[in-house]
Every structure is written in structure tokens, then in C-alpha cells.
Amino acid sequence: MVSGCQTKSILEYLRVGGRGCGRGKGRAEGAEKEDGGKKRRERKQRRESGEGEEEATDAARLLLRVLHVSENPSPLTVRVSPEVRDVRPYIVGAVVRGMDLRPGNALKRFLTSQTRLHEDLCGKRTAATIATHDLRALRGPLLYATRPPQDLKIVPLGRKEAKAKELVRQLQLEAEEQRKQKKRQSVSGLHRYLHLLDGKENYPCLMDADGDVISFPPITNSEKTKIKKTTSDLFLEVTSATSLQICKDVMDTLILKMAEMNKYTSENKEEGSLSDTEADAISGQLSDPQVNPGAGKDGQSPLVVEQVRVVDLEGSLKVVYPSKADLAAAPPHVTVLR
């Protein structure tokens, strides 16, 4: 063979390992190419079938878990006095656990979103008014009632304790001063909502079990339950003089927005911080984190929405939120676990 072959042929023969090995290696290389082609075809099929998109969509989903009254060992209840019927008859409440307001501008975004809701869906508070509270700062059950202006006491956000009559008078004087300084009729802040109390002999208020007024809709909240960066569990209330449905619509929108903000906060590392004082300046009405055991497979923790019952003084149910009909119009990227 040596005498009959060229040197190059001999070297090639030895390189592939002798008789039969070159054919074996060729078959192995062919099998590898076939496997590679098969994998490419499988990836193409997954793309065409949308499997990859489904995985990405699952990761992007917002999760809300509803905790029913029957599953809750200590559900919050709002008792309603009959006299609110002539002043501001409708109220809806909910407890939301698992908000993270600590990083960066999370608190600012939260307060700003409520201000926008007040301007838009709430019709500048004429249709409805939102109030949010640090759940740990209040004690239930709550009482929604009315009080004469001279008897209703509250510590408004950023102010000293005052009776409602004194507070409204002070806001009216501030509004007049604003008009003089700006030389125009429009005013800003809480002063824009004073007309909603015109003609009211009694003012609506929400009180906790300690007898403290935590909300004076549609004007202000109490300093006692002010939302801070350390707040993770919240009590939400929406009141209206016009309809129960608008209360539910506003609450749906607020909770869905909170879920979006919480997901954004968890996915974006933010530096810097908004102080509680700066947060107070954003909104006159709205102003230790627990680990959520319901984290999903991708590490995302769903917000937990606890049902709140609104009952009359005899205990008869008036409304519970969220019911099966609530949060039903959630967009496709939101999963509500009931």
C-alpha cells in the first residue's frame, strides 16, 4: 500500500484512524448535523405555535389573590349609620397586603396615581373620593357616620387637630388668599373641594374602634393613618354621594393600578428616595414590611386583596368587596386568583 499510494493519501488514512474509521466519523458528523437540524425545527415549531410567547406572557402577568371573609380569621368590617343616607350614602372598602413603597419613587407614583384618579374617573371628587390608610395604624371595626361640623374632630394631613367647622373656615380663608395673590378665581389643593360641602348640616366621616376620625370625605384623611414608605398593608375606601357602582369602578381601577406599580417596583432597581414630607406635598387627601407567602414560581408575589364587609348597625350586609362580579373586567395580563 505504501509503495502504491501517494504520501498525502497515506497521511490522510492514518489521520482518520485506519480502515473503516473515516466512514464511522463521517456517519457521526452526519448524525450531529441531523440532531442540530432537528433542534432548529423544534424551535421554529415552538415559535410558530406561540409556546415561547406564552412563557413570556406568564412571566409578565400581574397576580391578585382574593382572600374571602370566610378564609380570613380577622376580617375588617365597616358599620354604617343610617344618617349617611342624606349626606354621602355609598362606601366600599378593601384591604390590600403586599405593597412595596420603599424603593425610589414608589410612594410618589402611588400618591400621584390617586391624584390622577381623583381628577379623571372621580370627576374631581364630585363622583367619588378615594382614601388610603396604613392598616396597622387603625383598629376595627370601623364606623361610617355623620357628625355636626362643630363636633367632628380630625388631625388632617400635615395640620394640627381641628374641628371640621374650623378646618373648613381655615381652608376658605386660604382659598381667598390664593385668589388675591393669583388674581384669578381658580384655587388649588383641598380648596377646590370645599363647595362639595355646601348646604350640609352634617359632615360624613369614617372612625376607627378608638373613636378617632381617620377620614373626612371629600376633604382629607387623618395624620394617624397616613401612608408612609414603610406601609405595606393598606385599607382602601371609596365613598360617593351618587352611586355604589362608581365606588366599585374606582376601587377596581385603583387596585389594578396598585398591582401594576408593585410589579414595576419589583422589576426595576431604583436609587434615591422620596421622604414622607415630600409625599405629603403631592396630595392633600392621600398621603415592618411583611413577607408575602404567596410568591409565584418566578418570584413574583401577588397582592392579596381581602374582602371587606359593609353592614348596617344591626349587622345586615349592605355590600362586600370584592365580590365575584368585581375585578371581573381585569385585562388579559392580570390574573385574579379567587
# chains A, B, ... in the order shown; residues from 1 in each chain; ligands from 1
>>> select_by_dssp(residues="region 111-230 of chain A", states="strand (DSSP E or B)", output="list in words")
Thr129, Ile130, Ala131, Thr132, His133, Asp134, Leu142, Leu143, Tyr144, Ala145, Thr146, Arg147, Lys153, Ile154, Pro156, Ala162, Lys163, Tyr203, Pro204, Cys205, Leu206, Met207, Val213, Ile214, Ser215, Phe216, Thr220, Asn221 and Ser222 of chain A
>>> residues_around(residues="region 231-246 of chain A", least_positions_apart="2", cutoff="9 Å", atoms="only C-alpha atoms", output="VMD selection string")
chain A and resid 85 to 102 121 to 122 125 to 136 217 to 218 226 to 229 248 to 251 288 to 290
>>> residues_around(residues="Gly199 (chain A)", least_positions_apart="3", cutoff="12 Å", atoms="only C-alpha atoms", output="mmCIF file with C-alpha atoms, in the first residue's frame")
data_model
loop_
_atom_site.group_PDB
_atom_site.id
_atom_site.type_symbol
_atom_site.label_atom_id
_atom_site.label_comp_id
_atom_site.auth_asym_id
_atom_site.auth_seq_id
_atom_site.Cartn_x
_atom_site.Cartn_y
_atom_site.Cartn_z
ATOM 1 C CA ASP A 86 -78.851 62.059 53.333
ATOM 2 C CA VAL A 87 -75.211 63.156 53.031
ATOM 3 C CA PRO A 149 -69.199 70.345 61.901
ATOM 4 C CA LEU A 194 -64.970 72.945 49.655
ATOM 5 C CA HIS A 195 -68.077 73.555 47.510
ATOM 6 C CA LEU A 196 -68.950 69.854 47.859
ATOM 7 C CA ASN A 202 -73.672 67.275 58.975
ATOM 8 C CA TYR A 203 -70.375 66.055 57.537
#
>>> atom_distance(atom1="CA of Arg139 (chain A)", atom2="CA of Val311 (chain A)")
16.8 Å
>>> closest_residue(among="A:Glu223, A:Leu327, A:Leu173, A:Leu317", to="Gly158 (chain A)", atoms="only C-alpha atoms")
A:Glu223
>>> closest_residue(among="A:Asp252, A:Glu176, A:Glu270, A:Asp151", to="Glu201 (chain A)", atoms="only C-alpha atoms")
A:Asp151
>>> select_by_dssp(residues="region 25-239 of chain A", states="helix (DSSP H, G or I)", output="ChimeraX atom specification")
/A:25-49,51-60,69-71,82-86,106-119,135-137,164-182,189-197,223-225
